[in-house]
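As provided, upload_38.cif (mmCIF, C-alpha atoms) reads as follows.
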data_query
#
loop_
_atom_site.label_atom_id
_atom_site.label_comp_id
_atom_site.auth_asym_id
_atom_site.auth_seq_id
_atom_site.Cartn_x
_atom_site.Cartn_y
_atom_site.Cartn_z
CA MET A 1 -59.59 -21.49 38.91
CA ASN A 2 -56.63 -19.41 37.92
CA HIS A 3 -56.87 -19.02 34.15
CA ALA A 4 -53.49 -17.26 33.93
CA GLN A 5 -51.74 -20.56 34.65
CA GLN A 6 -53.99 -22.72 32.53
CA HIS A 7 -53.12 -23.93 29.06
CA TRP A 8 -55.83 -25.10 26.71
CA HIS A 9 -55.75 -28.80 25.91
CA CYS A 10 -58.21 -30.64 23.72
CA ILE A 11 -59.58 -33.89 25.08
CA SER A 12 -60.22 -36.90 22.89
CA HIS A 13 -63.71 -38.24 22.35
CA CYS A 14 -65.46 -34.98 23.19
CA GLY A 15 -66.72 -33.60 19.88
CA ALA A 16 -68.40 -30.55 21.38
CA CYS A 17 -66.81 -28.28 18.79
CA CYS A 18 -68.25 -30.46 16.02
CA ARG A 19 -71.78 -29.30 16.83
CA LEU A 20 -71.96 -26.67 14.06
CA CYS A 21 -75.65 -25.81 14.26
CA PRO A 22 -75.76 -22.27 12.78
CA GLU A 23 -78.60 -21.19 15.07
CA GLU A 24 -76.38 -21.97 18.07
CA ARG A 25 -73.11 -20.57 16.64
CA GLN A 26 -73.94 -17.08 15.36
CA GLU A 27 -70.79 -15.52 16.85
CA ALA A 28 -68.63 -18.08 15.08
CA LEU A 29 -70.39 -17.49 11.76
CA GLN A 30 -69.97 -13.73 12.05
CA ALA A 31 -66.22 -14.12 12.62
CA LEU A 32 -65.72 -16.04 9.36
CA THR A 33 -65.03 -14.65 5.92
CA ASP A 34 -67.67 -15.24 3.24
CA ILE A 35 -65.66 -18.16 1.83
CA GLN A 36 -65.13 -19.70 5.28
CA ARG A 37 -68.81 -19.21 6.13
CA ALA A 38 -69.87 -21.01 2.95
CA ARG A 39 -67.56 -23.92 3.76
CA TYR A 40 -68.78 -24.02 7.36
CA LEU A 41 -72.41 -24.10 6.28
CA SER A 42 -71.66 -26.83 3.73
CA MET A 43 -70.34 -28.97 6.60
CA VAL A 44 -73.52 -28.77 8.69
CA GLY A 45 -75.56 -31.97 8.60
CA GLU A 46 -79.33 -32.14 8.97
CA ASP A 47 -78.90 -32.80 12.69
CA GLY A 48 -76.66 -29.75 13.21
CA TRP A 49 -73.48 -31.80 13.61
CA CYS A 50 -70.53 -31.63 11.22
CA ILE A 51 -70.86 -34.11 8.38
CA HIS A 52 -67.25 -35.18 9.08
CA TYR A 53 -67.95 -36.03 12.72
CA ASP A 54 -67.98 -39.70 13.61
CA SER A 55 -70.54 -39.72 16.41
CA GLY A 56 -69.84 -43.34 17.34
CA GLY A 57 -66.14 -42.71 17.95
CA ARG A 58 -66.63 -39.03 18.81
CA ARG A 59 -63.87 -37.96 16.47
CA CYS A 60 -63.26 -35.94 13.32
CA ARG A 61 -62.82 -37.98 10.14
CA ILE A 62 -60.85 -35.16 8.44
CA TYR A 63 -58.87 -33.96 11.46
CA GLU A 64 -55.54 -33.64 9.61
CA ASP A 65 -57.22 -31.73 6.76
CA ARG A 66 -59.84 -29.82 8.78
CA PRO A 67 -60.54 -26.19 7.86
CA GLU A 68 -58.63 -23.47 9.69
CA PHE A 69 -61.78 -22.40 11.55
CA CYS A 70 -61.88 -25.87 13.16
CA ASP A 71 -58.37 -25.45 14.56
CA VAL A 72 -58.51 -23.96 18.06
CA SER A 73 -55.06 -22.41 17.59
CA GLN A 74 -56.70 -20.20 14.93
CA LEU A 75 -59.40 -18.84 17.25
CA GLY A 76 -57.25 -15.88 18.20
CA ALA A 77 -57.02 -14.69 14.61
CA LEU A 78 -60.74 -15.25 13.96
CA PHE A 79 -61.90 -13.38 17.06
CA ALA A 80 -59.00 -10.88 17.37
CA VAL A 81 -57.87 -12.37 20.68
CA PRO A 82 -54.27 -11.57 21.69
CA ASP A 83 -51.96 -14.59 21.99
CA SER A 84 -51.58 -13.89 25.71
CA GLU A 85 -55.34 -14.44 26.18
CA LEU A 86 -55.85 -17.31 23.73
CA ASP A 87 -55.69 -20.15 26.26
CA ALA A 88 -58.27 -18.55 28.53
CA PHE A 89 -60.48 -17.73 25.53
CA ALA A 90 -60.28 -21.28 24.14
CA ILE A 91 -60.99 -22.78 27.56
CA SER A 92 -64.02 -20.54 27.96
CA CYS A 93 -65.34 -21.41 24.47
CA CYS A 94 -64.91 -25.14 25.07
CA ARG A 95 -66.57 -24.98 28.47
CA GLN A 96 -69.54 -23.12 27.03
CA GLN A 97 -69.95 -25.62 24.20
CA ILE A 98 -69.47 -28.67 26.46
CA ARG A 99 -71.94 -27.28 29.00
CA SER A 100 -74.59 -26.66 26.35
CA LEU A 101 -74.24 -30.16 24.88
CA TYR A 102 -73.39 -32.45 27.76
CA GLY A 103 -74.07 -30.41 30.90
CA GLY A 104 -71.90 -28.61 33.42
CA ARG A 105 -71.51 -31.69 35.61
CA SER A 106 -71.02 -34.18 32.80
CA LEU A 107 -68.14 -36.61 32.53
CA VAL A 108 -66.94 -34.72 29.46
CA MET A 109 -66.81 -31.45 31.43
CA ARG A 110 -64.93 -33.10 34.28
CA ARG A 111 -62.41 -34.61 31.86
CA PHE A 112 -61.99 -31.25 30.12
CA ASN A 113 -61.46 -29.39 33.40
CA ARG A 114 -58.85 -31.94 34.52
CA ALA A 115 -56.99 -31.56 31.23
CA GLN A 116 -56.77 -27.77 31.70
CA ARG A 117 -55.05 -27.95 35.08
CA PRO A 118 -51.41 -26.95 35.07
CA PRO A 119 -48.98 -29.81 35.68
CA SER A 120 -47.99 -30.25 39.33
#

Using structure tokens, write down the structure that the file contains.
Amino acid sequence: MNHAQQHWHCISHCGACCRLCPEERQEALQALTDIQRARYLSMVGEDGWCIHYDSGGRRCRIYEDRPEFCDVSQLGALFAVPDSELDAFAISCCRQQIRSLYGGRSLVMRRFNRAQRPPS
């Protein structure tokens, strides 16, 4: 796939980014400030999922008021990724997370890949 023409798009009812398990997200934790890291860790439930994640509806219950580190548009600032590379970086991060949770051939992965295709 040509990542230069792709634009990152979130898909509804995925929730892969809501799996906050610190043991699985060391790079994310290292990119956060001490205050952000404390908030992140306070959001991790016993099962490793965000306490604000509605697993039945696969959606965030605080989406409009979510922390900046939950906003994909802020990934560039957190990981020092230039704006010109942000879409490709976000797509790669989402694919990695979706693959680890649902599998590389899952329905969620197929829906995500379709959403990243440039319009015809």

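Distance annotation: of A:Ala38, A:Ala115, A:Leu107, A:Leu86, the residue with the minimal separation from A:Val72 is A:Leu86; atom set is all atoms listed in the file.
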
Q: Considering all atoms listed in the file, return as number ranges by chain whatever protein or nucleic-acid residues lie within 8 Å of A:Met109, sequence-local ones (same chain, fewer than 6 positions apart) excluded.
A: A: 95, 98-99, 102-103

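The space between atom CA of A:Ala77 and atom CA of A:Met43 spans 21.1 Å.
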
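Taking atom CA of A:Glu46 and atom CA of A:Gly15 as endpoints, the distance between them is 16.7 Å.
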
Q. Which residues come within 8 Å of A:Trp49, counting only C-alpha atoms, excluding same-chain residues fewer than 6 positions away, as a ChimeraX atom specification?
A. /A:18-21

Go ahead and write the residues just picked, C-alpha atoms, as a short mmCIF file (atom, residue, chain, number, x, y, z; two decimals), in the coordinates of the input.
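Result went into result28.cif, see below:
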data_model
loop_
_atom_site.label_atom_id
_atom_site.label_comp_id
_atom_site.auth_asym_id
_atom_site.auth_seq_id
_atom_site.Cartn_x
_atom_site.Cartn_y
_atom_site.Cartn_z
CA CYS A 18 -68.25 -30.46 16.02
CA ARG A 19 -71.78 -29.30 16.83
CA LEU A 20 -71.96 -26.67 14.06
CA CYS A 21 -75.65 -25.81 14.26
#

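Among the candidate residues A:Ser73, A:Asn113, A:Val108, A:Asp87, the one lying nearest to A:Gln6 is A:Asp87, with distances computed using only C-alpha atoms.
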
Q | Residues near stretch 52-68 of chain A, cut-off 6 Å, all atoms listed in the file, skip fewer than 2 positions along chain, as a PyMOL selection string | A | chain A and resi 13+15+50+70-71

Written as a short mmCIF file (atom, residue, chain, number, x, y, z; two decimals) with C-alpha atoms, keeping the file's coordinate frame, which residues does the PyMOL selection byres ((chain A and resi 94) around 10) give for the file shown?
data_model
loop_
_atom_site.label_atom_id
_atom_site.label_comp_id
_atom_site.auth_asym_id
_atom_site.auth_seq_id
_atom_site.Cartn_x
_atom_site.Cartn_y
_atom_site.Cartn_z
CA TRP A 8 -55.83 -25.10 26.71
CA HIS A 9 -55.75 -28.80 25.91
CA CYS A 10 -58.21 -30.64 23.72
CA ALA A 16 -68.40 -30.55 21.38
CA CYS A 17 -66.81 -28.28 18.79
CA VAL A 72 -58.51 -23.96 18.06
CA ALA A 88 -58.27 -18.55 28.53
CA PHE A 89 -60.48 -17.73 25.53
CA ALA A 90 -60.28 -21.28 24.14
CA ILE A 91 -60.99 -22.78 27.56
CA SER A 92 -64.02 -20.54 27.96
CA CYS A 93 -65.34 -21.41 24.47
CA ARG A 95 -66.57 -24.98 28.47
CA GLN A 96 -69.54 -23.12 27.03
CA GLN A 97 -69.95 -25.62 24.20
CA ILE A 98 -69.47 -28.67 26.46
CA ARG A 99 -71.94 -27.28 29.00
CA SER A 100 -74.59 -26.66 26.35
CA MET A 109 -66.81 -31.45 31.43
CA PHE A 112 -61.99 -31.25 30.12
CA ASN A 113 -61.46 -29.39 33.40
#

Q. For the atom pair atom CA of A:His7 and atom CA of A:Ser120, what is the interatomic distance in Å to one decimal place?
A. 13.1 Å

Q) Which residues fall under the PyMOL selection byres ((chain A and resi 24-31) around 9) in this file, as a count of residues only? A) 14

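Nearest residue to A:Gly48, choosing from A:Ser106, A:Arg111, A:Leu101, A:Gln116 and counting all atoms listed in the file: A:Leu101.
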
Could stretch 84-99 of chain A be written out with N, CA, C and O atoms, as a PDB file, in the first residue's frame, please?
ATOM      1  N   SER A  84       4.145  15.831   8.334  1.00  0.00           N
ATOM      2  CA  SER A  84       4.121  15.165   7.031  1.00  0.00           C
ATOM      3  C   SER A  84       4.133  13.640   7.153  1.00  0.00           C
ATOM      4  O   SER A  84       3.771  12.933   6.218  1.00  0.00           O
ATOM      5  N   GLU A  85       4.526  13.119   8.313  1.00  0.00           N
ATOM      6  CA  GLU A  85       4.599  11.667   8.526  1.00  0.00           C
ATOM      7  C   GLU A  85       3.549  11.156   9.509  1.00  0.00           C
ATOM      8  O   GLU A  85       3.494   9.960   9.801  1.00  0.00           O
ATOM      9  N   LEU A  86       2.712  12.062  10.006  1.00  0.00           N
ATOM     10  CA  LEU A  86       1.764  11.691  11.062  1.00  0.00           C
ATOM     11  C   LEU A  86       0.748  10.649  10.610  1.00  0.00           C
ATOM     12  O   LEU A  86       0.475   9.689  11.334  1.00  0.00           O
ATOM     13  N   ASP A  87       0.187  10.796   9.415  1.00  0.00           N
ATOM     14  CA  ASP A  87      -0.801   9.821   8.951  1.00  0.00           C
ATOM     15  C   ASP A  87      -0.202   8.422   8.886  1.00  0.00           C
ATOM     16  O   ASP A  87      -0.789   7.463   9.392  1.00  0.00           O
ATOM     17  N   ALA A  88       0.953   8.302   8.281  1.00  0.00           N
ATOM     18  CA  ALA A  88       1.603   6.986   8.168  1.00  0.00           C
ATOM     19  C   ALA A  88       1.936   6.428   9.548  1.00  0.00           C
ATOM     20  O   ALA A  88       1.761   5.228   9.803  1.00  0.00           O
ATOM     21  N   PHE A  89       2.386   7.286  10.457  1.00  0.00           N
ATOM     22  CA  PHE A  89       2.711   6.852  11.816  1.00  0.00           C
ATOM     23  C   PHE A  89       1.458   6.362  12.542  1.00  0.00           C
ATOM     24  O   PHE A  89       1.461   5.296  13.162  1.00  0.00           O
ATOM     25  N   ALA A  90       0.373   7.128  12.462  1.00  0.00           N
ATOM     26  CA  ALA A  90      -0.872   6.753  13.128  1.00  0.00           C
ATOM     27  C   ALA A  90      -1.430   5.451  12.557  1.00  0.00           C
ATOM     28  O   ALA A  90      -1.895   4.586  13.304  1.00  0.00           O
ATOM     29  N   ILE A  91      -1.378   5.308  11.246  1.00  0.00           N
ATOM     30  CA  ILE A  91      -1.848   4.081  10.603  1.00  0.00           C
ATOM     31  C   ILE A  91      -1.041   2.889  11.103  1.00  0.00           C
ATOM     32  O   ILE A  91      -1.589   1.846  11.454  1.00  0.00           O
ATOM     33  N   SER A  92       0.262   3.052  11.169  1.00  0.00           N
ATOM     34  CA  SER A  92       1.129   1.973  11.636  1.00  0.00           C
ATOM     35  C   SER A  92       0.822   1.607  13.092  1.00  0.00           C
ATOM     36  O   SER A  92       0.732   0.424  13.445  1.00  0.00           O
ATOM     37  N   CYS A  93       0.651   2.611  13.940  1.00  0.00           N
ATOM     38  CA  CYS A  93       0.335   2.366  15.355  1.00  0.00           C
ATOM     39  C   CYS A  93      -0.991   1.626  15.492  1.00  0.00           C
ATOM     40  O   CYS A  93      -1.094   0.654  16.254  1.00  0.00           O
ATOM     41  N   CYS A  94      -1.997   2.079  14.755  1.00  0.00           N
ATOM     42  CA  CYS A  94      -3.310   1.430  14.832  1.00  0.00           C
ATOM     43  C   CYS A  94      -3.236  -0.008  14.336  1.00  0.00           C
ATOM     44  O   CYS A  94      -3.796  -0.904  14.965  1.00  0.00           O
ATOM     45  N   ARG A  95      -2.559  -0.210  13.223  1.00  0.00           N
ATOM     46  CA  ARG A  95      -2.446  -1.579  12.703  1.00  0.00           C
ATOM     47  C   ARG A  95      -1.765  -2.497  13.709  1.00  0.00           C
ATOM     48  O   ARG A  95      -2.190  -3.636  13.907  1.00  0.00           O
ATOM     49  N   GLN A  96      -0.715  -2.015  14.334  1.00  0.00           N
ATOM     50  CA  GLN A  96      -0.004  -2.826  15.323  1.00  0.00           C
ATOM     51  C   GLN A  96      -0.923  -3.183  16.487  1.00  0.00           C
ATOM     52  O   GLN A  96      -0.970  -4.342  16.928  1.00  0.00           O
ATOM     53  N   GLN A  97      -1.663  -2.212  16.974  1.00  0.00           N
ATOM     54  CA  GLN A  97      -2.551  -2.449  18.116  1.00  0.00           C
ATOM     55  C   GLN A  97      -3.714  -3.365  17.725  1.00  0.00           C
ATOM     56  O   GLN A  97      -4.063  -4.285  18.464  1.00  0.00           O
ATOM     57  N   ILE A  98      -4.310  -3.127  16.563  1.00  0.00           N
ATOM     58  CA  ILE A  98      -5.416  -3.970  16.098  1.00  0.00           C
ATOM     59  C   ILE A  98      -4.936  -5.403  15.898  1.00  0.00           C
ATOM     60  O   ILE A  98      -5.600  -6.359  16.304  1.00  0.00           O
ATOM     61  N   ARG A  99      -3.772  -5.556  15.277  1.00  0.00           N
ATOM     62  CA  ARG A  99      -3.218  -6.896  15.040  1.00  0.00           C
ATOM     63  C   ARG A  99      -2.997  -7.644  16.354  1.00  0.00           C
ATOM     64  O   ARG A  99      -3.323  -8.815  16.477  1.00  0.00           O
TER      65      ARG A  99
END
